[in-house]
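**Q** If you scroll down you'll find the structure; I have some questions about it.
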Amino acid sequence: MKRLFDLVLVLVAVVLLALPIMFVTLAVRLTSPGPALYWSARVGRNNHIFKMPKFRSMRVDTPAVATHLLQNPGQWLSPIGSFLRKSSLDELPQLWSILKGDMSFVGPRPALFNQDDLIALRTDAGVHELVPGLTGWAQVNGRDELPIPDKVKLDAEYLQRSSFWFDLKILWLTLLKVLRRDGVSH
């Protein structure tokens, strides 16, 4: 049921968002050198590594680490990078990962391949068995502002409470968070 819901919703989203996706692609290309997409190595279900696309919000020479680990992350942003992140438009290409089945609309956010602390805690909590999501319970309860152990607790809570209705609630709360730009760093 969850996979069918993801497929139907991703097809609707692609149709509705085709024009904004084209505009963002063009804006990224016109405002900074390099490709419009950044393919990030992420940890998926059962700790399998997959490539997740995002609109590039950082310069092409940015180190491949979590933003919070960068010294002065703002210096690495592209001219429209801050806007893309705050509006969550940088996340739109992840619709491809949902279509492929590497991601779902709702689940724990996929960790970077080198976030060993987050990966280990999620594995200990059994969260690694979930398909990662475009949004999740931790996202709507703090997003970038949460310490890693708190994210994992919320991911484990999602594992226990997981249902179609809970996913709908998370999607609704995500929409509200994005519109308010809550919990976004850079």
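Ordered as shown in the structure tokens, chains take letters A, B, and onward, while each chain numbers its residues from 1 and ligands are numbered from 1 in the order shown.
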May I have the residues within 10 Å of range 84-94 of chain A as a VMD selection string, using only C-alpha atoms and disregarding those fewer than 3 positions away in the same chain?

**A** chain A and resid 10 13 to 14 17 to 18 20 to 21 24 to 25 28 36 to 39 51 to 58 77 to 81 97 to 100 102 to 105 133 to 135 177 to 186

**Q** Filtering to C-alpha atoms, could you give me those residues as a short mmCIF file (atom, residue, chain, number, x, y, z; two decimals), in the first residue's frame?

**A**
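Generated file (again_6.cif):
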data_model
loop_
_atom_site.label_atom_id
_atom_site.label_comp_id
_atom_site.auth_asym_id
_atom_site.auth_seq_id
_atom_site.Cartn_x
_atom_site.Cartn_y
_atom_site.Cartn_z
CA VAL A 10 5.11 11.00 -7.21
CA ALA A 13 3.82 15.69 -8.02
CA VAL A 14 5.91 15.45 -11.21
CA LEU A 17 5.87 20.52 -10.28
CA ALA A 18 7.28 20.14 -13.81
CA PRO A 20 8.98 24.82 -11.06
CA ILE A 21 11.53 22.03 -11.58
CA VAL A 24 14.95 25.86 -10.63
CA THR A 25 17.15 23.87 -13.02
CA VAL A 28 20.91 26.92 -10.69
CA ALA A 36 22.10 21.70 -11.73
CA LEU A 37 21.97 18.44 -9.78
CA TYR A 38 24.19 17.17 -7.03
CA TRP A 39 24.17 13.39 -6.58
CA LYS A 51 22.75 8.10 -5.09
CA MET A 52 20.19 10.75 -4.17
CA PRO A 53 19.75 13.82 -6.40
CA LYS A 54 19.25 17.33 -5.07
CA PHE A 55 19.34 20.68 -6.76
CA ARG A 56 22.83 21.97 -6.15
CA SER A 57 22.72 24.66 -3.47
CA MET A 58 26.45 24.64 -2.73
CA LEU A 77 26.44 28.36 -0.70
CA SER A 78 25.72 29.19 -4.32
CA PRO A 79 24.07 32.58 -4.99
CA ILE A 80 20.59 31.02 -4.72
CA GLY A 81 21.57 28.18 -2.37
CA SER A 97 14.55 8.45 -5.84
CA ILE A 98 10.94 7.86 -4.76
CA LEU A 99 10.01 6.71 -8.27
CA LYS A 100 13.00 4.31 -8.27
CA ASP A 102 15.25 4.09 -3.08
CA MET A 103 13.11 6.46 -1.04
CA SER A 104 9.53 6.95 0.10
CA PHE A 105 7.65 10.17 0.75
CA GLY A 133 11.91 9.42 3.22
CA LEU A 134 11.69 12.84 1.65
CA THR A 135 10.26 13.85 5.02
CA LYS A 177 6.83 23.47 8.10
CA VAL A 178 7.97 24.19 4.54
CA LEU A 179 5.51 27.06 4.16
CA ARG A 180 6.76 28.55 7.47
CA ARG A 181 10.42 27.64 6.71
CA ASP A 182 10.72 26.14 10.21
CA GLY A 183 13.87 24.36 11.34
CA VAL A 184 16.04 25.02 8.30
CA SER A 185 19.70 25.90 8.76
CA HIS A 186 21.25 27.70 5.75
#

**Q** Report as JSON lines the residues of range 20-122 of chain A within 9 Å of range 137-153 of chain A, each with its shortest atom pair and distance in Å (one decimal), using only C-alpha atoms, ordered by chain and increasing residue number.

**A**
{"residue": "A:His68", "atom": "CA", "partner": "A:Asp144", "partner_atom": "CA", "distance": 8.6}
{"residue": "A:Val106", "atom": "CA", "partner": "A:Trp137", "partner_atom": "CA", "distance": 8.0}
{"residue": "A:Gly107", "atom": "CA", "partner": "A:Trp137", "partner_atom": "CA", "distance": 7.4}
{"residue": "A:Pro108", "atom": "CA", "partner": "A:Ala138", "partner_atom": "CA", "distance": 7.2}
{"residue": "A:Arg109", "atom": "CA", "partner": "A:Gln139", "partner_atom": "CA", "distance": 7.6}
{"residue": "A:Asp117", "atom": "CA", "partner": "A:Ile148", "partner_atom": "CA", "distance": 8.0}
{"residue": "A:Leu118", "atom": "CA", "partner": "A:Ile148", "partner_atom": "CA", "distance": 6.3}
{"residue": "A:Leu121", "atom": "CA", "partner": "A:Val152", "partner_atom": "CA", "distance": 6.7}
{"residue": "A:Arg122", "atom": "CA", "partner": "A:Val152", "partner_atom": "CA", "distance": 5.9}

**Q** Please provide as a compact mmCIF listing (two decimals) with C-alpha atoms, in the first residue's frame all residues within 7 Å of range 110-116 of chain A, with the sequence filter that same-chain residues fewer than 4 positions apart are discarded (counting only C-alpha atoms).

**A**
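Result file follows (part_30.txt):
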# COMPACT_ATOMS: atom_id res chain seq x y z
CA ALA A 41 25.82 9.16 -1.64
CA ARG A 42 23.17 8.31 0.97
CA VAL A 43 22.31 5.40 3.22
CA GLY A 44 19.10 3.64 2.30
CA ILE A 49 24.23 3.12 -0.34
CA ALA A 120 25.20 3.25 13.98
CA PRO A 132 14.27 6.55 3.92
CA GLY A 133 11.91 9.42 3.22

**Q** Apply DSSP to the structure's backbone, then extract all residues of range 57-149 of chain A labelled strand (DSSP E) and return them as a list in words.

**A**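 Restricting range 57-149 of chain A to strand (DSSP E) produces Ser104, Phe105, Val106, Ala111, Leu112, Gly133, Leu134 and Thr135 of chain A.
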
**Q** Interatomic distance between CA of Leu7 in chain A and CA of Trp96 in chain A?

**A**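 Distance reported for this atom pair: 10.5 Å.
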
**Q** DSSP on the backbone: what in chain A comes out alpha helix (DSSP H), as a PDB file with N, CA and C atoms, in the first residue's frame?

**A**
ATOM      1  N   LYS A   2       1.924   1.271   0.844  1.00  0.00           N
ATOM      2  CA  LYS A   2       2.791   2.445   0.931  1.00  0.00           C
ATOM      3  C   LYS A   2       3.470   2.714  -0.412  1.00  0.00           C
ATOM      4  N   ARG A   3       3.970   1.664  -1.062  1.00  0.00           N
ATOM      5  CA  ARG A   3       4.658   1.830  -2.341  1.00  0.00           C
ATOM      6  C   ARG A   3       3.684   2.344  -3.412  1.00  0.00           C
ATOM      7  N   LEU A   4       2.485   1.824  -3.436  1.00  0.00           N
ATOM      8  CA  LEU A   4       1.473   2.287  -4.397  1.00  0.00           C
ATOM      9  C   LEU A   4       1.153   3.763  -4.157  1.00  0.00           C
ATOM     10  N   PHE A   5       0.992   4.139  -2.891  1.00  0.00           N
ATOM     11  CA  PHE A   5       0.742   5.535  -2.542  1.00  0.00           C
ATOM     12  C   PHE A   5       1.891   6.416  -3.034  1.00  0.00           C
ATOM     13  N   ASP A   6       3.137   5.974  -2.795  1.00  0.00           N
ATOM     14  CA  ASP A   6       4.308   6.725  -3.257  1.00  0.00           C
ATOM     15  C   ASP A   6       4.292   6.912  -4.769  1.00  0.00           C
ATOM     16  N   LEU A   7       3.994   5.842  -5.498  1.00  0.00           N
ATOM     17  CA  LEU A   7       4.001   5.925  -6.964  1.00  0.00           C
ATOM     18  C   LEU A   7       2.928   6.872  -7.494  1.00  0.00           C
ATOM     19  N   VAL A   8       1.726   6.780  -6.942  1.00  0.00           N
ATOM     20  CA  VAL A   8       0.646   7.663  -7.389  1.00  0.00           C
ATOM     21  C   VAL A   8       0.987   9.114  -7.052  1.00  0.00           C
ATOM     22  N   LEU A   9       1.445   9.354  -5.816  1.00  0.00           N
ATOM     23  CA  LEU A   9       1.758  10.717  -5.391  1.00  0.00           C
ATOM     24  C   LEU A   9       2.944  11.296  -6.160  1.00  0.00           C
ATOM     25  N   VAL A  10       3.943  10.484  -6.475  1.00  0.00           N
ATOM     26  CA  VAL A  10       5.107  11.001  -7.214  1.00  0.00           C
ATOM     27  C   VAL A  10       4.709  11.375  -8.637  1.00  0.00           C
ATOM     28  N   LEU A  11       3.847  10.593  -9.256  1.00  0.00           N
ATOM     29  CA  LEU A  11       3.394  10.929 -10.612  1.00  0.00           C
ATOM     30  C   LEU A  11       2.583  12.220 -10.624  1.00  0.00           C
ATOM     31  N   VAL A  12       1.714  12.403  -9.631  1.00  0.00           N
ATOM     32  CA  VAL A  12       0.949  13.652  -9.510  1.00  0.00           C
ATOM     33  C   VAL A  12       1.900  14.819  -9.258  1.00  0.00           C
ATOM     34  N   ALA A  13       2.866  14.624  -8.363  1.00  0.00           N
ATOM     35  CA  ALA A  13       3.824  15.689  -8.024  1.00  0.00           C
ATOM     36  C   ALA A  13       4.660  16.100  -9.231  1.00  0.00           C
ATOM     37  N   VAL A  14       5.097  15.131 -10.024  1.00  0.00           N
ATOM     38  CA  VAL A  14       5.911  15.452 -11.209  1.00  0.00           C
ATOM     39  C   VAL A  14       5.107  16.308 -12.193  1.00  0.00           C
ATOM     40  N   VAL A  15       3.851  15.966 -12.382  1.00  0.00           N
ATOM     41  CA  VAL A  15       3.008  16.751 -13.299  1.00  0.00           C
ATOM     42  C   VAL A  15       2.818  18.173 -12.751  1.00  0.00           C
ATOM     43  N   LEU A  16       2.493  18.287 -11.463  1.00  0.00           N
ATOM     44  CA  LEU A  16       2.237  19.592 -10.868  1.00  0.00           C
ATOM     45  C   LEU A  16       3.495  20.447 -10.729  1.00  0.00           C
ATOM     46  N   LEU A  17       4.630  19.795 -10.552  1.00  0.00           N
ATOM     47  CA  LEU A  17       5.869  20.523 -10.278  1.00  0.00           C
ATOM     48  C   LEU A  17       6.821  20.609 -11.462  1.00  0.00           C
ATOM     49  N   ALA A  18       6.396  20.148 -12.632  1.00  0.00           N
ATOM     50  CA  ALA A  18       7.283  20.143 -13.810  1.00  0.00           C
ATOM     51  C   ALA A  18       7.811  21.537 -14.125  1.00  0.00           C
ATOM     52  N   LEU A  19       6.957  22.528 -14.108  1.00  0.00           N
ATOM     53  CA  LEU A  19       7.375  23.891 -14.427  1.00  0.00           C
ATOM     54  C   LEU A  19       8.330  24.455 -13.366  1.00  0.00           C
ATOM     55  N   PRO A  20       8.005  24.356 -12.060  1.00  0.00           N
ATOM     56  CA  PRO A  20       8.979  24.818 -11.061  1.00  0.00           C
ATOM     57  C   PRO A  20      10.318  24.075 -11.147  1.00  0.00           C
ATOM     58  N   ILE A  21      10.291  22.788 -11.446  1.00  0.00           N
ATOM     59  CA  ILE A  21      11.530  22.027 -11.579  1.00  0.00           C
ATOM     60  C   ILE A  21      12.368  22.580 -12.728  1.00  0.00           C
ATOM     61  N   MET A  22      11.723  22.905 -13.839  1.00  0.00           N
ATOM     62  CA  MET A  22      12.461  23.477 -14.984  1.00  0.00           C
ATOM     63  C   MET A  22      13.039  24.843 -14.625  1.00  0.00           C
ATOM     64  N   PHE A  23      12.268  25.684 -13.924  1.00  0.00           N
ATOM     65  CA  PHE A  23      12.757  27.005 -13.526  1.00  0.00           C
ATOM     66  C   PHE A  23      13.934  26.912 -12.562  1.00  0.00           C
ATOM     67  N   VAL A  24      13.849  26.011 -11.590  1.00  0.00           N
ATOM     68  CA  VAL A  24      14.952  25.862 -10.632  1.00  0.00           C
ATOM     69  C   VAL A  24      16.198  25.337 -11.340  1.00  0.00           C
ATOM     70  N   THR A  25      16.013  24.383 -12.251  1.00  0.00           N
ATOM     71  CA  THR A  25      17.153  23.866 -13.019  1.00  0.00           C
ATOM     72  C   THR A  25      17.858  25.009 -13.740  1.00  0.00           C
ATOM     73  N   LEU A  26      17.097  25.825 -14.410  1.00  0.00           N
ATOM     74  CA  LEU A  26      17.645  26.953 -15.150  1.00  0.00           C
ATOM     75  C   LEU A  26      18.313  27.958 -14.202  1.00  0.00           C
ATOM     76  N   ALA A  27      17.678  28.261 -13.086  1.00  0.00           N
ATOM     77  CA  ALA A  27      18.226  29.219 -12.122  1.00  0.00           C
ATOM     78  C   ALA A  27      19.557  28.745 -11.549  1.00  0.00           C
ATOM     79  N   VAL A  28      19.656  27.457 -11.226  1.00  0.00           N
ATOM     80  CA  VAL A  28      20.913  26.922 -10.685  1.00  0.00           C
ATOM     81  C   VAL A  28      22.016  27.041 -11.723  1.00  0.00           C
ATOM     82  N   ARG A  29      21.716  26.671 -12.951  1.00  0.00           N
ATOM     83  CA  ARG A  29      22.709  26.726 -14.032  1.00  0.00           C
ATOM     84  C   ARG A  29      23.163  28.148 -14.337  1.00  0.00           C
ATOM     85  N   LEU A  30      22.237  29.107 -14.254  1.00  0.00           N
ATOM     86  CA  LEU A  30      22.567  30.496 -14.590  1.00  0.00           C
ATOM     87  C   LEU A  30      23.303  31.237 -13.476  1.00  0.00           C
ATOM     88  N   THR A  31      23.171  30.766 -12.236  1.00  0.00           N
ATOM     89  CA  THR A  31      23.752  31.507 -11.108  1.00  0.00           C
ATOM     90  C   THR A  31      25.062  30.947 -10.576  1.00  0.00           C
ATOM     91  N   GLY A  81      21.573  29.353  -3.240  1.00  0.00           N
ATOM     92  CA  GLY A  81      21.569  28.180  -2.371  1.00  0.00           C
ATOM     93  C   GLY A  81      20.738  28.337  -1.116  1.00  0.00           C
ATOM     94  N   SER A  82      20.864  29.466  -0.459  1.00  0.00           N
ATOM     95  CA  SER A  82      20.105  29.691   0.769  1.00  0.00           C
ATOM     96  C   SER A  82      18.605  29.665   0.489  1.00  0.00           C
ATOM     97  N   PHE A  83      18.193  30.317  -0.589  1.00  0.00           N
ATOM     98  CA  PHE A  83      16.777  30.303  -0.972  1.00  0.00           C
ATOM     99  C   PHE A  83      16.299  28.885  -1.271  1.00  0.00           C
ATOM    100  N   LEU A  84      17.096  28.123  -2.023  1.00  0.00           N
ATOM    101  CA  LEU A  84      16.698  26.752  -2.367  1.00  0.00           C
ATOM    102  C   LEU A  84      16.505  25.912  -1.111  1.00  0.00           C
ATOM    103  N   ARG A  85      17.411  26.052  -0.145  1.00  0.00           N
ATOM    104  CA  ARG A  85      17.323  25.268   1.077  1.00  0.00           C
ATOM    105  C   ARG A  85      16.148  25.699   1.956  1.00  0.00           C
ATOM    106  N   LYS A  86      16.011  27.003   2.144  1.00  0.00           N
ATOM    107  CA  LYS A  86      14.930  27.497   3.008  1.00  0.00           C
ATOM    108  C   LYS A  86      13.550  27.185   2.436  1.00  0.00           C
ATOM    109  N   SER A  87      13.446  27.182   1.123  1.00  0.00           N
ATOM    110  CA  SER A  87      12.164  26.870   0.472  1.00  0.00           C
ATOM    111  C   SER A  87      11.980  25.371   0.247  1.00  0.00           C
ATOM    112  N   GLN A  94      14.470  14.621  -5.562  1.00  0.00           N
ATOM    113  CA  GLN A  94      14.332  13.357  -4.842  1.00  0.00           C
ATOM    114  C   GLN A  94      13.070  12.602  -5.253  1.00  0.00           C
ATOM    115  N   LEU A  95      12.207  13.262  -5.999  1.00  0.00           N
ATOM    116  CA  LEU A  95      11.060  12.548  -6.564  1.00  0.00           C
ATOM    117  C   LEU A  95      11.555  11.381  -7.418  1.00  0.00           C
ATOM    118  N   TRP A  96      12.715  11.553  -8.060  1.00  0.00           N
ATOM    119  CA  TRP A  96      13.329  10.467  -8.845  1.00  0.00           C
ATOM    120  C   TRP A  96      13.644   9.267  -7.945  1.00  0.00           C
ATOM    121  N   SER A  97      14.210   9.535  -6.767  1.00  0.00           N
ATOM    122  CA  SER A  97      14.553   8.446  -5.838  1.00  0.00           C
ATOM    123  C   SER A  97      13.310   7.731  -5.333  1.00  0.00           C
ATOM    124  N   ILE A  98      12.208   8.483  -5.182  1.00  0.00           N
ATOM    125  CA  ILE A  98      10.945   7.864  -4.762  1.00  0.00           C
ATOM    126  C   ILE A  98      10.421   6.988  -5.894  1.00  0.00           C
ATOM    127  N   LEU A  99      10.461   7.485  -7.117  1.00  0.00           N
ATOM    128  CA  LEU A  99      10.013   6.706  -8.269  1.00  0.00           C
ATOM    129  C   LEU A  99      10.814   5.410  -8.399  1.00  0.00           C
ATOM    130  N   LYS A 100      12.130   5.495  -8.186  1.00  0.00           N
ATOM    131  CA  LYS A 100      12.999   4.315  -8.269  1.00  0.00           C
ATOM    132  C   LYS A 100      12.782   3.323  -7.129  1.00  0.00           C
ATOM    133  N   ASP A 116      28.685   8.253  10.286  1.00  0.00           N
ATOM    134  CA  ASP A 116      28.806   6.977  10.991  1.00  0.00           C
ATOM    135  C   ASP A 116      28.036   6.940  12.306  1.00  0.00           C
ATOM    136  N   ASP A 117      28.021   8.055  13.046  1.00  0.00           N
ATOM    137  CA  ASP A 117      27.315   8.086  14.325  1.00  0.00           C
ATOM    138  C   ASP A 117      25.811   7.898  14.132  1.00  0.00           C
ATOM    139  N   LEU A 118      25.232   8.594  13.164  1.00  0.00           N
ATOM    140  CA  LEU A 118      23.807   8.473  12.874  1.00  0.00           C
ATOM    141  C   LEU A 118      23.464   7.069  12.363  1.00  0.00           C
ATOM    142  N   ILE A 119      24.281   6.550  11.477  1.00  0.00           N
ATOM    143  CA  ILE A 119      24.046   5.211  10.914  1.00  0.00           C
ATOM    144  C   ILE A 119      24.081   4.152  12.009  1.00  0.00           C
ATOM    145  N   ALA A 120      25.066   4.238  12.899  1.00  0.00           N
ATOM    146  CA  ALA A 120      25.197   3.251  13.982  1.00  0.00           C
ATOM    147  C   ALA A 120      23.996   3.303  14.926  1.00  0.00           C
ATOM    148  N   LEU A 121      23.584   4.499  15.312  1.00  0.00           N
ATOM    149  CA  LEU A 121      22.431   4.621  16.214  1.00  0.00           C
ATOM    150  C   LEU A 121      21.150   4.117  15.564  1.00  0.00           C
ATOM    151  N   ARG A 122      20.969   4.429  14.286  1.00  0.00           N
ATOM    152  CA  ARG A 122      19.774   3.947  13.587  1.00  0.00           C
ATOM    153  C   ARG A 122      19.782   2.429  13.462  1.00  0.00           C
ATOM    154  N   THR A 123      20.949   1.859  13.209  1.00  0.00           N
ATOM    155  CA  THR A 123      21.052   0.407  13.090  1.00  0.00           C
ATOM    156  C   THR A 123      20.715  -0.246  14.427  1.00  0.00           C
ATOM    157  N   ASP A 124      21.246   0.305  15.512  1.00  0.00           N
ATOM    158  CA  ASP A 124      20.953  -0.234  16.853  1.00  0.00           C
ATOM    159  C   ASP A 124      19.460  -0.174  17.170  1.00  0.00           C
ATOM    160  N   ALA A 125      18.781   0.856  16.665  1.00  0.00           N
ATOM    161  CA  ALA A 125      17.351   1.036  16.944  1.00  0.00           C
ATOM    162  C   ALA A 125      16.447   0.312  15.940  1.00  0.00           C
ATOM    163  N   TRP A 137       9.173  11.900  10.631  1.00  0.00           N
ATOM    164  CA  TRP A 137       8.733  12.339  11.947  1.00  0.00           C
ATOM    165  C   TRP A 137       9.770  13.261  12.586  1.00  0.00           C
ATOM    166  N   ALA A 138      11.048  12.942  12.429  1.00  0.00           N
ATOM    167  CA  ALA A 138      12.099  13.825  12.960  1.00  0.00           C
ATOM    168  C   ALA A 138      12.106  15.161  12.222  1.00  0.00           C
ATOM    169  N   GLN A 139      11.821  15.135  10.923  1.00  0.00           N
ATOM    170  CA  GLN A 139      11.803  16.371  10.133  1.00  0.00           C
ATOM    171  C   GLN A 139      10.759  17.354  10.664  1.00  0.00           C
ATOM    172  N   VAL A 140       9.590  16.857  10.982  1.00  0.00           N
ATOM    173  CA  VAL A 140       8.526  17.759  11.419  1.00  0.00           C
ATOM    174  C   VAL A 140       8.637  18.107  12.900  1.00  0.00           C
ATOM    175  N   ILE A 148      21.605  14.477  16.915  1.00  0.00           N
ATOM    176  CA  ILE A 148      21.469  13.154  16.299  1.00  0.00           C
ATOM    177  C   ILE A 148      20.736  12.144  17.191  1.00  0.00           C
ATOM    178  N   PRO A 149      21.056  12.024  18.487  1.00  0.00           N
ATOM    179  CA  PRO A 149      20.307  11.046  19.309  1.00  0.00           C
ATOM    180  C   PRO A 149      18.802  11.321  19.347  1.00  0.00           C
ATOM    181  N   ASP A 150      18.419  12.592  19.332  1.00  0.00           N
ATOM    182  CA  ASP A 150      16.994  12.930  19.327  1.00  0.00           C
ATOM    183  C   ASP A 150      16.342  12.553  17.994  1.00  0.00           C
ATOM    184  N   LYS A 151      17.064  12.762  16.886  1.00  0.00           N
ATOM    185  CA  LYS A 151      16.546  12.351  15.575  1.00  0.00           C
ATOM    186  C   LYS A 151      16.277  10.854  15.570  1.00  0.00           C
ATOM    187  N   VAL A 152      17.220  10.088  16.102  1.00  0.00           N
ATOM    188  CA  VAL A 152      17.095   8.629  16.092  1.00  0.00           C
ATOM    189  C   VAL A 152      15.919   8.190  16.963  1.00  0.00           C
ATOM    190  N   LYS A 153      15.711   8.845  18.094  1.00  0.00           N
ATOM    191  CA  LYS A 153      14.553   8.519  18.946  1.00  0.00           C
ATOM    192  C   LYS A 153      13.252   8.743  18.185  1.00  0.00           C
ATOM    193  N   LEU A 154      13.171   9.854  17.465  1.00  0.00           N
ATOM    194  CA  LEU A 154      11.974  10.138  16.677  1.00  0.00           C
ATOM    195  C   LEU A 154      11.830   9.164  15.507  1.00  0.00           C
ATOM    196  N   ASP A 155      12.953   8.793  14.876  1.00  0.00           N
ATOM    197  CA  ASP A 155      12.912   7.784  13.807  1.00  0.00           C
ATOM    198  C   ASP A 155      12.418   6.443  14.353  1.00  0.00           C
ATOM    199  N   ALA A 156      12.872   6.068  15.556  1.00  0.00           N
ATOM    200  CA  ALA A 156      12.428   4.814  16.181  1.00  0.00           C
ATOM    201  C   ALA A 156      10.944   4.889  16.539  1.00  0.00           C
ATOM    202  N   GLU A 157      10.493   6.054  16.959  1.00  0.00           N
ATOM    203  CA  GLU A 157       9.066   6.240  17.236  1.00  0.00           C
ATOM    204  C   GLU A 157       8.257   6.066  15.952  1.00  0.00           C
ATOM    205  N   TYR A 158       8.779   6.610  14.847  1.00  0.00           N
ATOM    206  CA  TYR A 158       8.099   6.433  13.561  1.00  0.00           C
ATOM    207  C   TYR A 158       8.021   4.950  13.204  1.00  0.00           C
ATOM    208  N   LEU A 159       9.098   4.224  13.420  1.00  0.00           N
ATOM    209  CA  LEU A 159       9.119   2.778  13.150  1.00  0.00           C
ATOM    210  C   LEU A 159       7.986   2.083  13.901  1.00  0.00           C
ATOM    211  N   GLN A 160       7.778   2.454  15.155  1.00  0.00           N
ATOM    212  CA  GLN A 160       6.741   1.837  15.975  1.00  0.00           C
ATOM    213  C   GLN A 160       5.329   2.268  15.578  1.00  0.00           C
ATOM    214  N   ARG A 161       5.174   3.523  15.176  1.00  0.00           N
ATOM    215  CA  ARG A 161       3.841   4.081  14.897  1.00  0.00           C
ATOM    216  C   ARG A 161       3.471   4.037  13.418  1.00  0.00           C
ATOM    217  N   PHE A 164      -0.449   4.294   7.401  1.00  0.00           N
ATOM    218  CA  PHE A 164      -0.860   5.186   6.327  1.00  0.00           C
ATOM    219  C   PHE A 164      -1.313   6.533   6.890  1.00  0.00           C
ATOM    220  N   TRP A 165      -2.106   6.511   7.959  1.00  0.00           N
ATOM    221  CA  TRP A 165      -2.646   7.743   8.536  1.00  0.00           C
ATOM    222  C   TRP A 165      -1.551   8.575   9.185  1.00  0.00           C
ATOM    223  N   PHE A 166      -0.588   7.900   9.805  1.00  0.00           N
ATOM    224  CA  PHE A 166       0.536   8.626  10.403  1.00  0.00           C
ATOM    225  C   PHE A 166       1.366   9.291   9.294  1.00  0.00           C
ATOM    226  N   ASP A 167       1.556   8.595   8.176  1.00  0.00           N
ATOM    227  CA  ASP A 167       2.266   9.182   7.030  1.00  0.00           C
ATOM    228  C   ASP A 167       1.532  10.420   6.513  1.00  0.00           C
ATOM    229  N   LEU A 168       0.210  10.351   6.415  1.00  0.00           N
ATOM    230  CA  LEU A 168      -0.566  11.515   5.966  1.00  0.00           C
ATOM    231  C   LEU A 168      -0.404  12.697   6.927  1.00  0.00           C
ATOM    232  N   LYS A 169      -0.406  12.409   8.218  1.00  0.00           N
ATOM    233  CA  LYS A 169      -0.199  13.458   9.220  1.00  0.00           C
ATOM    234  C   LYS A 169       1.180  14.102   9.030  1.00  0.00           C
ATOM    235  N   ILE A 170       2.195  13.283   8.816  1.00  0.00           N
ATOM    236  CA  ILE A 170       3.559  13.798   8.629  1.00  0.00           C
ATOM    237  C   ILE A 170       3.653  14.632   7.351  1.00  0.00           C
ATOM    238  N   LEU A 171       3.016  14.186   6.287  1.00  0.00           N
ATOM    239  CA  LEU A 171       3.014  14.964   5.043  1.00  0.00           C
ATOM    240  C   LEU A 171       2.347  16.325   5.256  1.00  0.00           C
ATOM    241  N   TRP A 172       1.232  16.352   5.971  1.00  0.00           N
ATOM    242  CA  TRP A 172       0.542  17.611   6.254  1.00  0.00           C
ATOM    243  C   TRP A 172       1.430  18.528   7.092  1.00  0.00           C
ATOM    244  N   LEU A 173       2.037  17.987   8.162  1.00  0.00           N
ATOM    245  CA  LEU A 173       2.913  18.788   9.015  1.00  0.00           C
ATOM    246  C   LEU A 173       4.133  19.285   8.241  1.00  0.00           C
ATOM    247  N   THR A 174       4.617  18.483   7.301  1.00  0.00           N
ATOM    248  CA  THR A 174       5.745  18.893   6.463  1.00  0.00           C
ATOM    249  C   THR A 174       5.369  20.095   5.611  1.00  0.00           C
ATOM    250  N   LEU A 175       4.197  20.036   5.007  1.00  0.00           N
ATOM    251  CA  LEU A 175       3.731  21.160   4.191  1.00  0.00           C
ATOM    252  C   LEU A 175       3.697  22.444   5.027  1.00  0.00           C
ATOM    253  N   LEU A 176       3.172  22.352   6.243  1.00  0.00           N
ATOM    254  CA  LEU A 176       3.119  23.523   7.122  1.00  0.00           C
ATOM    255  C   LEU A 176       4.519  24.022   7.467  1.00  0.00           C
ATOM    256  N   LYS A 177       5.438  23.097   7.771  1.00  0.00           N
ATOM    257  CA  LYS A 177       6.832  23.472   8.104  1.00  0.00           C
ATOM    258  C   LYS A 177       7.507  24.155   6.920  1.00  0.00           C
ATOM    259  N   VAL A 178       7.325  23.616   5.732  1.00  0.00           N
ATOM    260  CA  VAL A 178       7.966  24.188   4.538  1.00  0.00           C
ATOM    261  C   VAL A 178       7.417  25.592   4.277  1.00  0.00           C
ATOM    262  N   LEU A 179       6.105  25.750   4.400  1.00  0.00           N
ATOM    263  CA  LEU A 179       5.511  27.064   4.161  1.00  0.00           C
ATOM    264  C   LEU A 179       6.007  28.100   5.179  1.00  0.00           C
ATOM    265  N   ARG A 180       6.264  27.651   6.416  1.00  0.00           N
ATOM    266  CA  ARG A 180       6.763  28.552   7.469  1.00  0.00           C
ATOM    267  C   ARG A 180       8.290  28.632   7.486  1.00  0.00           C
TER     268      ARG A 180
END
